[in-house]
Each structure stands twice: as C-alpha cells, then as structure tokens.
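Asks: One file: run.json (JSON, C-alpha atoms and all ligand atoms).
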[["chain", "number", "residue", "atom", "x", "y", "z"],
["A", 1, "MET", "CA", -199.53, 4.59, 6.61],
["A", 2, "LYS", "CA", -199.17, 8.36, 6.96],
["A", 3, "PHE", "CA", -196.21, 9.83, 8.84],
["A", 4, "HIS", "CA", -196.60, 13.03, 10.89],
["A", 5, "GLN", "CA", -194.01, 15.10, 12.72],
["A", 6, "PRO", "CA", -195.56, 17.85, 14.89],
["A", 7, "THR", "CA", -193.15, 20.54, 16.09],
["A", 8, "SER", "CA", -195.04, 21.72, 19.17],
["A", 9, "ILE", "CA", -197.39, 20.24, 21.75],
["A", 10, "ARG", "CA", -200.20, 22.43, 20.46],
["A", 11, "GLU", "CA", -199.63, 21.06, 16.93],
["A", 12, "PHE", "CA", -199.54, 17.55, 18.36],
["A", 13, "LEU", "CA", -202.88, 18.07, 20.13],
["A", 14, "GLU", "CA", -204.54, 19.48, 17.00],
["A", 15, "LEU", "CA", -203.22, 16.62, 14.91],
["A", 16, "SER", "CA", -204.10, 13.84, 17.33],
["A", 17, "SER", "CA", -207.62, 15.25, 17.78],
["A", 18, "THR", "CA", -208.20, 15.20, 14.01],
["A", 19, "LEU", "CA", -206.94, 11.60, 13.92],
["A", 20, "SER", "CA", -209.05, 10.42, 16.85],
["A", 21, "SER", "CA", -211.23, 8.16, 14.68],
["A", 22, "HIS", "CA", -208.22, 6.53, 12.97],
["A", 23, "SER", "CA", -205.66, 4.06, 14.28],
["A", 24, "SER", "CA", -202.47, 5.89, 15.24],
["A", 25, "SER", "CA", -199.28, 5.34, 17.24],
["A", 26, "LEU", "CA", -196.78, 7.65, 18.89],
["A", 27, "LEU", "CA", -193.14, 7.14, 17.98],
["A", 28, "ALA", "CA", -190.27, 8.27, 20.23],
["A", 29, "GLY", "CA", -186.95, 6.42, 19.79],
["A", 30, "GLY", "CA", -188.71, 3.50, 18.09],
["A", 31, "THR", "CA", -186.59, 0.87, 19.89],
["A", 32, "ASP", "CA", -189.68, -0.93, 21.18],
["A", 33, "LEU", "CA", -192.14, 0.05, 18.46],
["A", 34, "MET", "CA", -190.09, -0.77, 15.34],
["A", 35, "PRO", "CA", -189.16, -4.32, 16.43],
["A", 36, "ARG", "CA", -192.89, -4.90, 17.12],
["A", 37, "TYR", "CA", -193.79, -3.89, 13.55],
["A", 38, "GLU", "CA", -190.93, -6.04, 12.23],
["A", 39, "ARG", "CA", -192.36, -9.00, 14.16],
["A", 40, "GLY", "CA", -195.66, -8.50, 12.32],
["A", 41, "GLN", "CA", -197.81, -6.22, 14.50],
["A", 42, "ALA", "CA", -200.28, -4.40, 12.25],
["A", 43, "LEU", "CA", -199.16, -0.93, 11.23],
["A", 44, "PRO", "CA", -201.43, 1.95, 12.27],
["A", 45, "ASP", "CA", -203.01, 4.27, 9.71],
["A", 46, "HIS", "CA", -200.98, 7.15, 11.16],
["A", 47, "LEU", "CA", -197.60, 7.29, 12.87],
["A", 48, "ILE", "CA", -196.92, 10.43, 14.92],
["A", 49, "ASP", "CA", -193.21, 10.98, 15.38],
["A", 50, "LEU", "CA", -192.53, 12.97, 18.56],
["A", 51, "LYS", "CA", -188.87, 13.72, 17.94],
["A", 52, "LYS", "CA", -189.41, 17.36, 16.88],
["A", 53, "LEU", "CA", -191.16, 18.23, 20.17],
["A", 54, "SER", "CA", -188.21, 20.18, 21.58],
["A", 55, "ASP", "CA", -190.07, 20.89, 24.87],
["A", 56, "LEU", "CA", -189.85, 17.21, 25.78],
["A", 57, "TYR", "CA", -186.03, 17.04, 25.96],
["A", 58, "HIS", "CA", -184.84, 18.37, 29.29],
["A", 59, "ILE", "CA", -183.66, 17.58, 32.78],
["A", 60, "ASN", "CA", -184.80, 20.58, 34.85],
["A", 61, "ILE", "CA", -183.38, 20.80, 38.34],
["A", 62, "LYS", "CA", -185.52, 22.68, 40.86],
["A", 63, "ASP", "CA", -185.04, 23.12, 44.62],
["A", 64, "GLU", "CA", -187.47, 20.36, 45.57],
["A", 65, "SER", "CA", -187.65, 18.19, 42.47],
["A", 66, "VAL", "CA", -186.16, 17.16, 39.15],
["A", 67, "GLN", "CA", -188.29, 17.14, 36.03],
["A", 68, "ILE", "CA", -187.25, 14.88, 33.16],
["A", 69, "GLY", "CA", -188.77, 15.43, 29.70],
["A", 70, "ALA", "CA", -190.32, 12.30, 28.21],
["A", 71, "LEU", "CA", -188.02, 12.36, 25.17],
["A", 72, "THR", "CA", -184.86, 12.44, 27.28],
["A", 73, "SER", "CA", -182.65, 9.58, 26.16],
["A", 74, "ILE", "CA", -181.44, 6.81, 28.45],
["A", 75, "GLN", "CA", -177.90, 8.03, 27.68],
["A", 76, "ALA", "CA", -178.70, 11.60, 28.82],
["A", 77, "ILE", "CA", -180.07, 10.21, 32.10],
["A", 78, "GLN", "CA", -176.92, 8.18, 32.59],
["A", 79, "GLU", "CA", -174.73, 11.25, 31.96],
["A", 80, "ASN", "CA", -176.60, 13.66, 34.23],
["A", 81, "GLN", "CA", -174.57, 14.43, 37.35],
["A", 82, "LEU", "CA", -177.48, 15.28, 39.61],
["A", 83, "ILE", "CA", -179.26, 12.03, 38.73],
["A", 84, "GLN", "CA", -176.04, 10.21, 39.44],
["A", 85, "ALA", "CA", -175.67, 11.93, 42.82],
["A", 86, "GLU", "CA", -179.29, 11.94, 44.06],
["A", 87, "PHE", "CA", -181.09, 9.17, 42.13],
["A", 88, "ASN", "CA", -178.40, 6.52, 41.98],
["A", 89, "ALA", "CA", -180.85, 3.67, 41.25],
["A", 90, "LEU", "CA", -182.10, 5.50, 38.15],
["A", 91, "TYR", "CA", -178.53, 6.27, 37.09],
["A", 92, "MET", "CA", -177.52, 2.60, 37.54],
["A", 93, "ALA", "CA", -180.56, 1.40, 35.59],
["A", 94, "ALA", "CA", -179.65, 3.75, 32.70],
["A", 95, "HIS", "CA", -176.02, 2.68, 32.92],
["A", 96, "ASP", "CA", -176.88, -1.04, 32.70],
["A", 97, "PHE", "CA", -179.38, -0.45, 29.88],
["A", 98, "ALA", "CA", -178.73, -2.12, 26.52],
["A", 99, "GLY", "CA", -175.79, -0.95, 24.38],
["A", 100, "ALA", "CA", -174.78, 2.59, 23.43],
["A", 101, "GLN", "CA", -176.92, 2.76, 20.27],
["A", 102, "ILE", "CA", -180.13, 1.86, 22.12],
["A", 103, "ARG", "CA", -179.25, 4.15, 25.06],
["A", 104, "HIS", "CA", -178.87, 7.11, 22.67],
["A", 105, "ARG", "CA", -182.07, 6.31, 20.80],
["A", 106, "GLY", "CA", -184.40, 4.97, 23.51],
["A", 107, "THR", "CA", -186.25, 7.42, 25.76],
["A", 108, "ILE", "CA", -187.52, 7.41, 29.33],
["A", 109, "GLY", "CA", -191.05, 8.14, 28.06],
["A", 110, "GLY", "CA", -190.89, 5.13, 25.75],
["A", 111, "ASN", "CA", -189.66, 2.88, 28.56],
["A", 112, "ILE", "CA", -192.62, 3.94, 30.71],
["A", 113, "ALA", "CA", -195.33, 3.95, 28.02],
["A", 114, "ASN", "CA", -194.19, 0.57, 26.71],
["A", 115, "ALA", "CA", -195.33, -0.76, 30.12],
["A", 116, "SER", "CA", -193.13, -3.85, 30.07],
["A", 117, "PRO", "CA", -192.98, -5.61, 33.47],
["A", 118, "ALA", "CA", -189.22, -5.84, 32.86],
["A", 119, "GLY", "CA", -188.58, -2.18, 31.82],
["A", 120, "ASP", "CA", -185.30, -1.29, 33.48],
["A", 121, "LEU", "CA", -186.07, 2.32, 34.48],
["A", 122, "LEU", "CA", -189.37, 1.35, 36.08],
["A", 123, "PRO", "CA", -188.28, -0.07, 39.47],
["A", 124, "ALA", "CA", -186.39, 3.15, 40.27],
["A", 125, "LEU", "CA", -189.37, 5.26, 39.15],
["A", 126, "TYR", "CA", -191.73, 3.19, 41.33],
["A", 127, "ALA", "CA", -189.43, 3.30, 44.34],
["A", 128, "PHE", "CA", -188.91, 7.08, 43.99],
["A", 129, "ASP", "CA", -192.70, 7.63, 43.62],
["A", 130, "ALA", "CA", -192.33, 9.27, 40.21],
["A", 131, "ILE", "CA", -195.16, 11.55, 39.10],
["A", 132, "LEU", "CA", -196.00, 11.60, 35.39],
["A", 133, "THR", "CA", -197.45, 14.63, 33.62],
["A", 134, "LEU", "CA", -199.73, 13.94, 30.65],
["A", 135, "ILE", "CA", -201.21, 16.46, 28.26],
["A", 136, "GLY", "CA", -204.29, 15.87, 26.13],
["A", 137, "PRO", "CA", -207.21, 17.74, 24.59],
["A", 138, "ASP", "CA", -208.78, 18.13, 28.08],
["A", 139, "GLY", "CA", -205.62, 19.70, 29.53],
["A", 140, "GLU", "CA", -202.91, 18.46, 31.82],
["A", 141, "ARG", "CA", -203.15, 15.71, 34.45],
["A", 142, "GLN", "CA", -200.71, 14.05, 36.80],
["A", 143, "LEU", "CA", -200.56, 10.39, 37.76],
["A", 144, "THR", "CA", -198.19, 8.25, 39.75],
["A", 145, "VAL", "CA", -196.30, 5.72, 37.66],
["A", 146, "GLN", "CA", -198.36, 2.98, 39.41],
["A", 147, "GLU", "CA", -201.58, 4.64, 38.28],
["A", 148, "PHE", "CA", -200.27, 5.00, 34.73],
["A", 149, "ILE", "CA", -199.10, 1.42, 34.11],
["A", 150, "LEU", "CA", -202.06, -0.96, 34.22],
["A", 151, "SER", "CA", -200.78, -4.31, 32.89],
["A", 152, "PRO", "CA", -198.20, -5.56, 30.38],
["A", 153, "GLY", "CA", -198.29, -3.15, 27.43],
["A", 154, "LYS", "CA", -201.35, -1.30, 28.81],
["A", 155, "THR", "CA", -201.41, 2.20, 30.28],
["A", 156, "SER", "CA", -204.05, 4.71, 31.25],
["A", 157, "LEU", "CA", -202.95, 7.06, 28.42],
["A", 158, "LYS", "CA", -206.13, 8.40, 26.83],
["A", 159, "GLN", "CA", -206.82, 8.93, 23.15],
["A", 160, "SER", "CA", -204.84, 11.97, 21.87],
["A", 161, "GLU", "CA", -202.82, 12.24, 25.10],
["A", 162, "ILE", "CA", -199.04, 12.35, 25.43],
["A", 163, "LEU", "CA", -196.66, 11.74, 28.33],
["A", 164, "VAL", "CA", -194.64, 14.94, 28.63],
["A", 165, "SER", "CA", -192.52, 14.65, 31.76],
["A", 166, "ILE", "CA", -191.55, 12.69, 34.84],
["A", 167, "THR", "CA", -191.04, 14.43, 38.20],
["A", 168, "LEU", "CA", -188.92, 13.06, 41.03],
["A", 169, "LYS", "CA", -188.87, 14.59, 44.49],
["A", 170, "ARG", "CA", -185.36, 15.41, 45.75],
["A", 171, "SER", "CA", -185.74, 13.41, 48.96],
["A", 172, "GLY", "CA", -182.05, 12.89, 49.73],
["A", 173, "TYR", "CA", -182.65, 9.13, 50.07],
["A", 174, "LYS", "CA", -179.92, 6.72, 49.07],
["A", 175, "SER", "CA", -180.68, 4.17, 46.37],
["A", 176, "ILE", "CA", -179.32, 1.25, 44.44],
["A", 177, "PHE", "CA", -180.39, -0.83, 41.40],
["A", 178, "GLN", "CA", -179.77, -4.51, 40.73],
["A", 179, "LYS", "CA", -180.41, -6.25, 37.42],
["A", 180, "VAL", "CA", -180.18, -9.95, 36.75],
["A", 181, "GLY", "CA", -180.28, -10.85, 33.07],
["A", 182, "LEU", "CA", -178.96, -13.55, 30.82],
["A", 183, "ARG", "CA", -176.30, -10.95, 30.00],
["A", 184, "GLN", "CA", -175.64, -7.64, 31.78],
["A", 185, "SER", "CA", -176.97, -5.47, 28.96],
["A", 186, "MET", "CA", -178.60, -6.07, 25.55],
["A", 187, "ALA", "CA", -180.82, -8.56, 27.39],
["A", 188, "ILE", "CA", -184.24, -8.21, 28.94],
["A", 189, "SER", "CA", -184.04, -8.41, 32.72],
["A", 190, "VAL", "CA", -184.93, -11.73, 34.35],
["A", 191, "VAL", "CA", -185.40, -9.69, 37.53],
["A", 192, "ASN", "CA", -184.64, -6.03, 38.31],
["A", 193, "LEU", "CA", -184.89, -4.25, 41.64],
["A", 194, "ALA", "CA", -184.54, -0.74, 43.01],
["A", 195, "PHE", "CA", -183.95, -0.02, 46.69],
["A", 196, "VAL", "CA", -184.59, 3.52, 48.00],
["A", 197, "TYR", "CA", -183.81, 4.08, 51.66],
["A", 198, "SER", "CA", -182.55, 6.16, 54.54],
["A", 199, "LYS", "CA", -181.00, 4.69, 57.67],
["A", 200, "LYS", "CA", -180.16, 5.86, 61.14],
["A", 201, "GLY", "CA", -177.48, 3.53, 62.44],
["A", 202, "GLN", "CA", -178.74, 0.06, 61.54],
["A", 203, "ASP", "CA", -182.42, 1.12, 61.45],
["A", 204, "TYR", "CA", -184.29, 1.95, 58.28],
["A", 205, "GLN", "CA", -186.24, 5.18, 58.56],
["A", 206, "TYR", "CA", -187.46, 4.94, 54.99],
["A", 207, "LEU", "CA", -187.44, 1.92, 52.70],
["A", 208, "LYS", "CA", -189.02, 1.17, 49.34],
["A", 209, "ILE", "CA", -188.12, -1.87, 47.27],
["A", 210, "ALA", "CA", -189.56, -2.08, 43.76],
["A", 211, "CYS", "CA", -189.22, -5.22, 41.76],
["A", 212, "GLY", "CA", -189.65, -5.85, 38.02],
["A", 213, "ALA", "CA", -190.32, -8.98, 35.92],
["A", 214, "VAL", "CA", -191.99, -10.81, 38.83],
["A", 215, "ALA", "CA", -195.63, -9.75, 38.27],
["A", 216, "PRO", "CA", -197.74, -8.22, 35.45],
["A", 217, "THR", "CA", -196.41, -4.80, 36.48],
["A", 218, "VAL", "CA", -193.51, -3.65, 38.63],
["A", 219, "VAL", "CA", -194.45, -4.07, 42.31],
["A", 220, "ASN", "CA", -193.37, -2.37, 45.51],
["A", 221, "LEU", "CA", -192.60, -4.96, 48.20],
["A", 222, "ASP", "CA", -194.71, -3.04, 50.73],
["A", 223, "LYS", "CA", -195.64, -6.04, 52.90],
["A", 224, "LEU", "CA", -191.96, -6.60, 53.62],
["A", 225, "THR", "CA", -190.79, -3.00, 53.88],
["A", 226, "SER", "CA", -193.53, -1.90, 56.28],
["A", 227, "THR", "CA", -192.43, -4.62, 58.72],
["A", 228, "ILE", "CA", -188.78, -3.61, 58.37],
["A", 229, "ILE", "CA", -189.62, 0.00, 59.24],
["A", 230, "ASP", "CA", -191.74, -0.92, 62.28],
["A", 231, "LYS", "CA", -189.34, -3.77, 63.17],
["A", 232, "SER", "CA", -192.15, -6.31, 63.37],
["A", 233, "SER", "CA", -190.45, -8.94, 61.20],
["A", 234, "LYS", "CA", -187.40, -11.15, 61.65],
["A", 235, "PRO", "CA", -185.11, -12.38, 58.84],
["A", 236, "ASP", "CA", -186.88, -15.77, 58.85],
["A", 237, "ASP", "CA", -190.15, -13.97, 57.96],
["A", 238, "TRP", "CA", -188.72, -12.11, 54.97],
["A", 239, "PRO", "CA", -189.08, -14.79, 52.23],
["A", 240, "LEU", "CA", -192.82, -15.22, 52.87],
["A", 241, "LEU", "CA", -193.38, -11.46, 53.05],
["A", 242, "ILE", "CA", -191.57, -11.02, 49.71],
["A", 243, "GLU", "CA", -193.56, -13.84, 48.10],
["A", 244, "ALA", "CA", -196.80, -12.19, 49.22],
["A", 245, "ASP", "CA", -196.21, -9.26, 46.84],
["A", 246, "ILE", "CA", -194.94, -11.07, 43.73],
["A", 247, "LEU", "CA", -196.47, -13.35, 41.11],
["A", 248, "PRO", "CA", -193.70, -14.46, 38.77],
["A", 249, "ILE", "CA", -194.31, -16.58, 35.67],
["A", 250, "ASP", "CA", -192.28, -19.10, 33.67],
["A", 251, "ASP", "CA", -191.09, -17.74, 30.32],
["A", 252, "ILE", "CA", -188.26, -18.32, 27.86],
["A", 253, "ARG", "CA", -185.81, -16.41, 30.05],
["A", 254, "ALA", "CA", -186.41, -18.04, 33.45],
["A", 255, "THR", "CA", -188.80, -20.08, 35.55],
["A", 256, "ALA", "CA", -191.07, -18.52, 38.14],
["A", 257, "LYS", "CA", -189.25, -20.50, 40.84],
["A", 258, "TYR", "CA", -185.88, -19.11, 39.78],
["A", 259, "ARG", "CA", -187.21, -15.54, 39.67],
["A", 260, "LYS", "CA", -188.69, -15.88, 43.15],
["A", 261, "GLN", "CA", -185.43, -17.22, 44.57],
["A", 262, "VAL", "CA", -183.38, -14.46, 42.90],
["A", 263, "VAL", "CA", -185.61, -11.76, 44.41],
["A", 264, "ILE", "CA", -185.46, -13.35, 47.85],
["A", 265, "ASN", "CA", -181.66, -13.69, 47.66],
["A", 266, "LEU", "CA", -181.12, -10.11, 46.47],
["A", 267, "VAL", "CA", -183.48, -8.56, 49.00],
["A", 268, "GLN", "CA", -181.98, -10.56, 51.85],
["A", 269, "ALA", "CA", -178.47, -9.60, 50.74],
["A", 270, "PHE", "CA", -179.50, -5.94, 50.69],
["A", 271, "LEU", "CA", -181.14, -6.11, 54.13],
["A", 272, "LYS", "CA", -178.08, -7.82, 55.55],
["A", 273, "GLY", "CA", -176.01, -4.88, 54.28],
["A", 274, "GLN", "CA", -174.16, -6.84, 51.64],
["A", 275, "PHE", "CA", -174.41, -4.15, 48.95],
["A", 276, "ASN", "CA", -175.68, -0.99, 50.66],
["A", 277, "GLY", "CA", -173.97, 1.40, 53.01],
["A", 301, "LIG", "C1", -181.50, -4.33, 21.32],
["A", 301, "LIG", "C2", -182.43, -3.76, 22.37],
["A", 301, "LIG", "C3", -182.02, -3.76, 23.70],
["A", 301, "LIG", "C4", -182.87, -3.26, 24.68],
["A", 301, "LIG", "N1", -182.43, -3.28, 25.98],
["A", 301, "LIG", "C5", -183.25, -2.82, 26.96],
["A", 301, "LIG", "C6", -182.81, -2.84, 28.31],
["A", 301, "LIG", "O1", -181.67, -3.21, 28.65],
["A", 301, "LIG", "N2", -183.70, -2.42, 29.25],
["A", 301, "LIG", "C7", -184.97, -1.98, 28.94],
["A", 301, "LIG", "O2", -185.73, -1.61, 29.83],
["A", 301, "LIG", "N3", -185.38, -1.93, 27.65],
["A", 301, "LIG", "C8", -184.56, -2.33, 26.66],
["A", 301, "LIG", "N4", -184.99, -2.29, 25.35],
["A", 301, "LIG", "C9", -186.34, -1.76, 25.05],
["A", 301, "LIG", "C10", -186.38, -0.25, 24.65],
["A", 301, "LIG", "O3", -185.12, 0.18, 24.17],
["A", 301, "LIG", "C11", -186.77, 0.66, 25.83],
["A", 301, "LIG", "O4", -188.01, 0.27, 26.38],
["A", 301, "LIG", "C12", -186.82, 2.16, 25.44],
["A", 301, "LIG", "O5", -186.81, 2.96, 26.61],
["A", 301, "LIG", "C13", -188.06, 2.52, 24.62],
["A", 301, "LIG", "O6", -187.99, 3.90, 24.31],
["A", 301, "LIG", "P1", -188.29, 4.43, 22.85],
["A", 301, "LIG", "O7", -188.17, 5.91, 22.90],
["A", 301, "LIG", "O8", -187.45, 3.73, 21.83],
["A", 301, "LIG", "O9", -189.82, 3.97, 22.69],
["A", 301, "LIG", "P2", -190.72, 3.71, 21.35],
["A", 301, "LIG", "O10", -190.35, 2.40, 20.76],
["A", 301, "LIG", "O11", -190.63, 4.92, 20.46],
["A", 301, "LIG", "O12", -192.13, 3.66, 22.03],
["A", 301, "LIG", "C14", -192.49, 2.64, 22.94],
["A", 301, "LIG", "C15", -193.97, 2.81, 23.31],
["A", 301, "LIG", "O13", -194.16, 3.98, 24.07],
["A", 301, "LIG", "C16", -195.07, 4.89, 23.42],
["A", 301, "LIG", "N5", -194.55, 6.23, 23.68],
["A", 301, "LIG", "C17", -193.27, 6.64, 23.48],
["A", 301, "LIG", "N6", -193.11, 7.91, 23.93],
["A", 301, "LIG", "C18", -194.33, 8.31, 24.41],
["A", 301, "LIG", "C19", -194.80, 9.52, 25.00],
["A", 301, "LIG", "N7", -194.00, 10.57, 25.22],
["A", 301, "LIG", "N8", -196.10, 9.58, 25.37],
["A", 301, "LIG", "C20", -196.92, 8.51, 25.20],
["A", 301, "LIG", "N9", -196.53, 7.34, 24.64],
["A", 301, "LIG", "C21", -195.24, 7.24, 24.25],
["A", 301, "LIG", "C22", -195.07, 4.47, 21.95],
["A", 301, "LIG", "O14", -196.29, 4.80, 21.31],
["A", 301, "LIG", "C23", -194.89, 2.96, 22.08],
["A", 301, "LIG", "O15", -196.11, 2.34, 22.36],
["A", 301, "LIG", "C24", -184.16, -2.76, 24.33],
["A", 301, "LIG", "C25", -184.56, -2.73, 22.99],
["A", 301, "LIG", "C26", -183.71, -3.23, 22.00],
["A", 301, "LIG", "C27", -184.16, -3.20, 20.57]]
Any chance you could give the structure as structure tokens?
Ligand SMILES: Cc1cc2nc3c(=O)[nH]c(=O)nc-3n(C[C@H](O)[C@H](O)[C@H](O)COP(=O)(O)OP(=O)(O)OC[C@H]3O[C@@H](n4cnc5c(N)ncnc54)[C@H](O)[C@@H]3O)c2cc1C
Replies:
Amino acid sequence: MKFHQPTSIREFLELSSTLSSHSSSLLAGGTDLMPRYERGQALPDHLIDLKKLSDLYHINIKDESVQIGALTSIQAIQENQLIQAEFNALYMAAHDFAGAQIRHRGTIGGNIANASPAGDLLPALYAFDAILTLIGPDGERQLTVQEFILSPGKTSLKQSEILVSITLKRSGYKSIFQKVGLRQSMAISVVNLAFVYSKKGQDYQYLKIACGAVAPTVVNLDKLTSTIIDKSSKPDDWPLLIEADILPIDDIRATAKYRKQVVINLVQAFLKGQFNG
C-alpha cells in the first residue's frame, strides 16, 4: 500500500485523478477506518491522508450561516462557543461522543462519510438541514446530508471527490440531543435523536426530529412533526406516526422492539415538555 499526504486541495485533486483506476481510501482521523482494517477489511492500493489539508480545519462564522471544515475535530466542535449557543444539539452530540482521545482525533467529515446509521453527529445535521460541499475533478457541488448518505456505509461521494465543509443556517431555533447507549460514551448509540424547534407559547412553529440507529440511515420523523405543526394529531396518535417513519432492526446492542419503544418514549417526553423549554 502506498501512503500519500497532499498539502492542498489542488494537489489532492491531481493525485486522486491519477489514482482513479486504482483502489484508494481517504484517511481523516482514522478512528473508523483503522479499526476496519484491523478487523480484516482489505487494504487499498493507496491511502490518501487528508490531515495536511489546512483549508479543511475551520469553523467560519458568517451572518447567516456557520461553515465547518470537514477535518474539524469532534473536540473542536464541542469547544466552539457559537455552536454551543446556537446549535445545542450538535454541541451535545459532540460532548457525549466517545472519550477525549477519539474526540480529538475523529472528525465531523469522517462521521458523515462513514455513513453509520448510528453516527452521533448525524441527527443534529439532519435536523438542522446541513448542506455539504464536495469538491472533485468536475468542480464543486452541494448536497443535503440526506442526499449524501445513501445507506449504511454508502454515500454519493464520487471517485476523486472530497467532502470539504458542512454549512448550517443560523436559524435561531432551539435544539437538544438525546443519546441512549449501553454506556454514555465509548459506546455506539442504541438510539440517538436531535430535536430542533421554535415555539410560541405551547405551540410549535417549527419542529424537526431526526432519529438515528432506527433505520438504514438517520430519518426525520416528518409524519409526526407535520401533524404537530398543523395540530392535526393527538398524543394517542403519536406512537403510530413515529413508527411510520422508522424501521429498526435487532442487533447485538438492542432489539428492534426496544429501539422502537425508546424512540416513542423519548419523543413523547419531549413533546410533553419533559426536557425542553
Ligand atoms: C473507541 C471508539 C469510540 C467511538 N465512539 C463514537 C461515538 O460515541 N459516536 C460516534 O458517532 N462515533 C464514534 N466512533 C466512530 C468514529 O470515531 C467517528 O465516526 C469519527 O467521527 C470518524 O471520523 P474520522 O476522522 O476518524 O474518520 P476516518 O476513520 O478517517 O474516516 C471514516 C470514513 O470517512 C471517509 N472520510 C473521512 N473524511 C472524509 C472527507 N473529508 N471526505 C470524504 N470522505 C472522508 C474515510 O474515507 C472513511 O471511509 C468511535 C470510534 C472508536 C474507535
């Protein structure tokens, strides 16, 4: 296996184009990739380490949006004051993420491109309608996170492309993240949820609930939330509306039945105001 370390995006694009007929992988923090190789996944012919791409480490605050470079570490997200103030669900997800070593090493880009249904940053990114910027030989393109993640471990990243940044609109919405795991951190989530909302009195004016580890990809519980906004559902209707958007499976961490019940309990608790303002 050959190891490459481009120092600019242009160098990356030249390199990845010349390698297009070979097997290659991109390496960010390596906290997903390296354990996969240790478990026996075949090594690629070429490994492209992204860590010298200095343009991919940033949290740029603009008037209307925040742009997070793909190599920004989970720890840097947790420490950023604006993310803490305006994107609380993302802050909480970074805070509850693994232990300190993994938070310093692992990146937001890696969490997205790994496309795990249980990735902890993903529910917040879905619920905040994150826009991803990709660069490849044909130029730049933007996709929503839903368009990017196709199925477990599969994304719409093209050959020779790279995820460069994640943009979040500064909407002023409140948000919260909930993670249920076998332990609080250093454990893959059994279920994780992000709630993004604005309320006037008791009424929701905006509500998105994104849920991880209950379907092949993170899902927005749109069937439920649309009926909360237009007030067409009653609490007795909520469990069935939640079930309509999820498709959990049994695995070594939990049964599908348990996952379904956890989601229903957490969403009901949220809607009854038990952990939101
Ligand atoms: C002990 C341990 C605990 C963990 N705990 C958690 C946890 O609590 N929550 C959680 O969600 N995850 C957890 N993880 C998984 C992992 O740490 C995260 O998914 C992390 O965000 C991955 O980032 P990375 O930079 O290490 O990715 P890498 O391993 O470097 O890459 C992951 C994948 O993304 C691709 N990739 C990376 N960057 C880019 C890019 N810029 N453009 C295109 N493709 C890219 C790589 O090619 C690879 O396929 C844990 C892992 C370990 C080992």
Asks: List the spatial neighbours of stretch 172-179 of chain A as a ChimeraX atom specification - criterion: any atom at most 9 Å away, all atoms listed in the file, same-chain residues fewer than 2 positions off excluded.
Replies: /A:86-93,96,120,123-124,128,169-170,181,184,189-199,206,266,275-277
Asks: How close does chain A get to ligand LIG 301 (chain A)? List, as a tab-separated table, each residue of chain A within 6 Å, its nearest atom pair and the distance in Å to one decimal, counting all atoms listed in the file.
Replies:
residue	atom	partner	partner_atom	distance
A:Ser25	CA	A:LIG301	O14	5.1
A:Leu26	CA	A:LIG301	O14	3.8
A:Leu27	CA	A:LIG301	O11	4.2
A:Ala28	CA	A:LIG301	O11	3.4
A:Gly29	CA	A:LIG301	O7	3.4
A:Gly30	CA	A:LIG301	O10	3.3
A:Thr31	CA	A:LIG301	O8	3.6
A:Asp32	CA	A:LIG301	O10	3.4
A:Leu33	CA	A:LIG301	O10	3.7
A:Ala70	CA	A:LIG301	N7	5.0
A:Phe97	CA	A:LIG301	O1	3.8
A:Ala98	CA	A:LIG301	O1	3.8
A:Ile102	CA	A:LIG301	O3	5.7
A:Gly106	CA	A:LIG301	O8	3.7
A:Thr107	CA	A:LIG301	O7	3.8
A:Ile108	CA	A:LIG301	O5	5.3
A:Gly109	CA	A:LIG301	N6	4.6
A:Gly110	CA	A:LIG301	O9	3.4
A:Asn111	CA	A:LIG301	O5	3.5
A:Ala113	CA	A:LIG301	O13	4.1
A:Asn114	CA	A:LIG301	C15	4.1
A:Gly119	CA	A:LIG301	O2	3.5
A:Asp120	CA	A:LIG301	O2	3.7
A:Ile162	CA	A:LIG301	N8	4.0
A:Leu163	CA	A:LIG301	N8	3.7
A:Val164	CA	A:LIG301	N7	5.6
A:Ser185	CA	A:LIG301	O1	5.2
A:Met186	CA	A:LIG301	C3	4.5
A:Ala187	CA	A:LIG301	O1	5.6
A:Ile188	CA	A:LIG301	C6	5.6
Asks: What lies within 10 Å of stretch 138-140 of chain A using all atoms listed in the file, ignoring chain neighbours under 2 positions off, as a PyMOL selection string?
Replies: chain A and resi 13+133-136+142+160-164
Asks: Put those residues in a file: C-alpha atoms, as a CSV table (one decimal), in the coordinates of the input.
Replies:
chain,number,residue,atom,x,y,z
A,13,LEU,CA,-202.9,18.1,20.1
A,133,THR,CA,-197.4,14.6,33.6
A,134,LEU,CA,-199.7,13.9,30.6
A,135,ILE,CA,-201.2,16.5,28.3
A,136,GLY,CA,-204.3,15.9,26.1
A,142,GLN,CA,-200.7,14.0,36.8
A,160,SER,CA,-204.8,12.0,21.9
A,161,GLU,CA,-202.8,12.2,25.1
A,162,ILE,CA,-199.0,12.4,25.4
A,163,LEU,CA,-196.7,11.7,28.3
A,164,VAL,CA,-194.6,14.9,28.6
Asks: Pick the closest to A:Ser226 from A:Ile74, A:Ala213, A:Leu157, A:Leu207: which is it, counting only C-alpha atoms?
Replies: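 Ranking A:Ile74, A:Ala213, A:Leu157, A:Leu207 by distance to A:Ser226, first place goes to A:Leu207.
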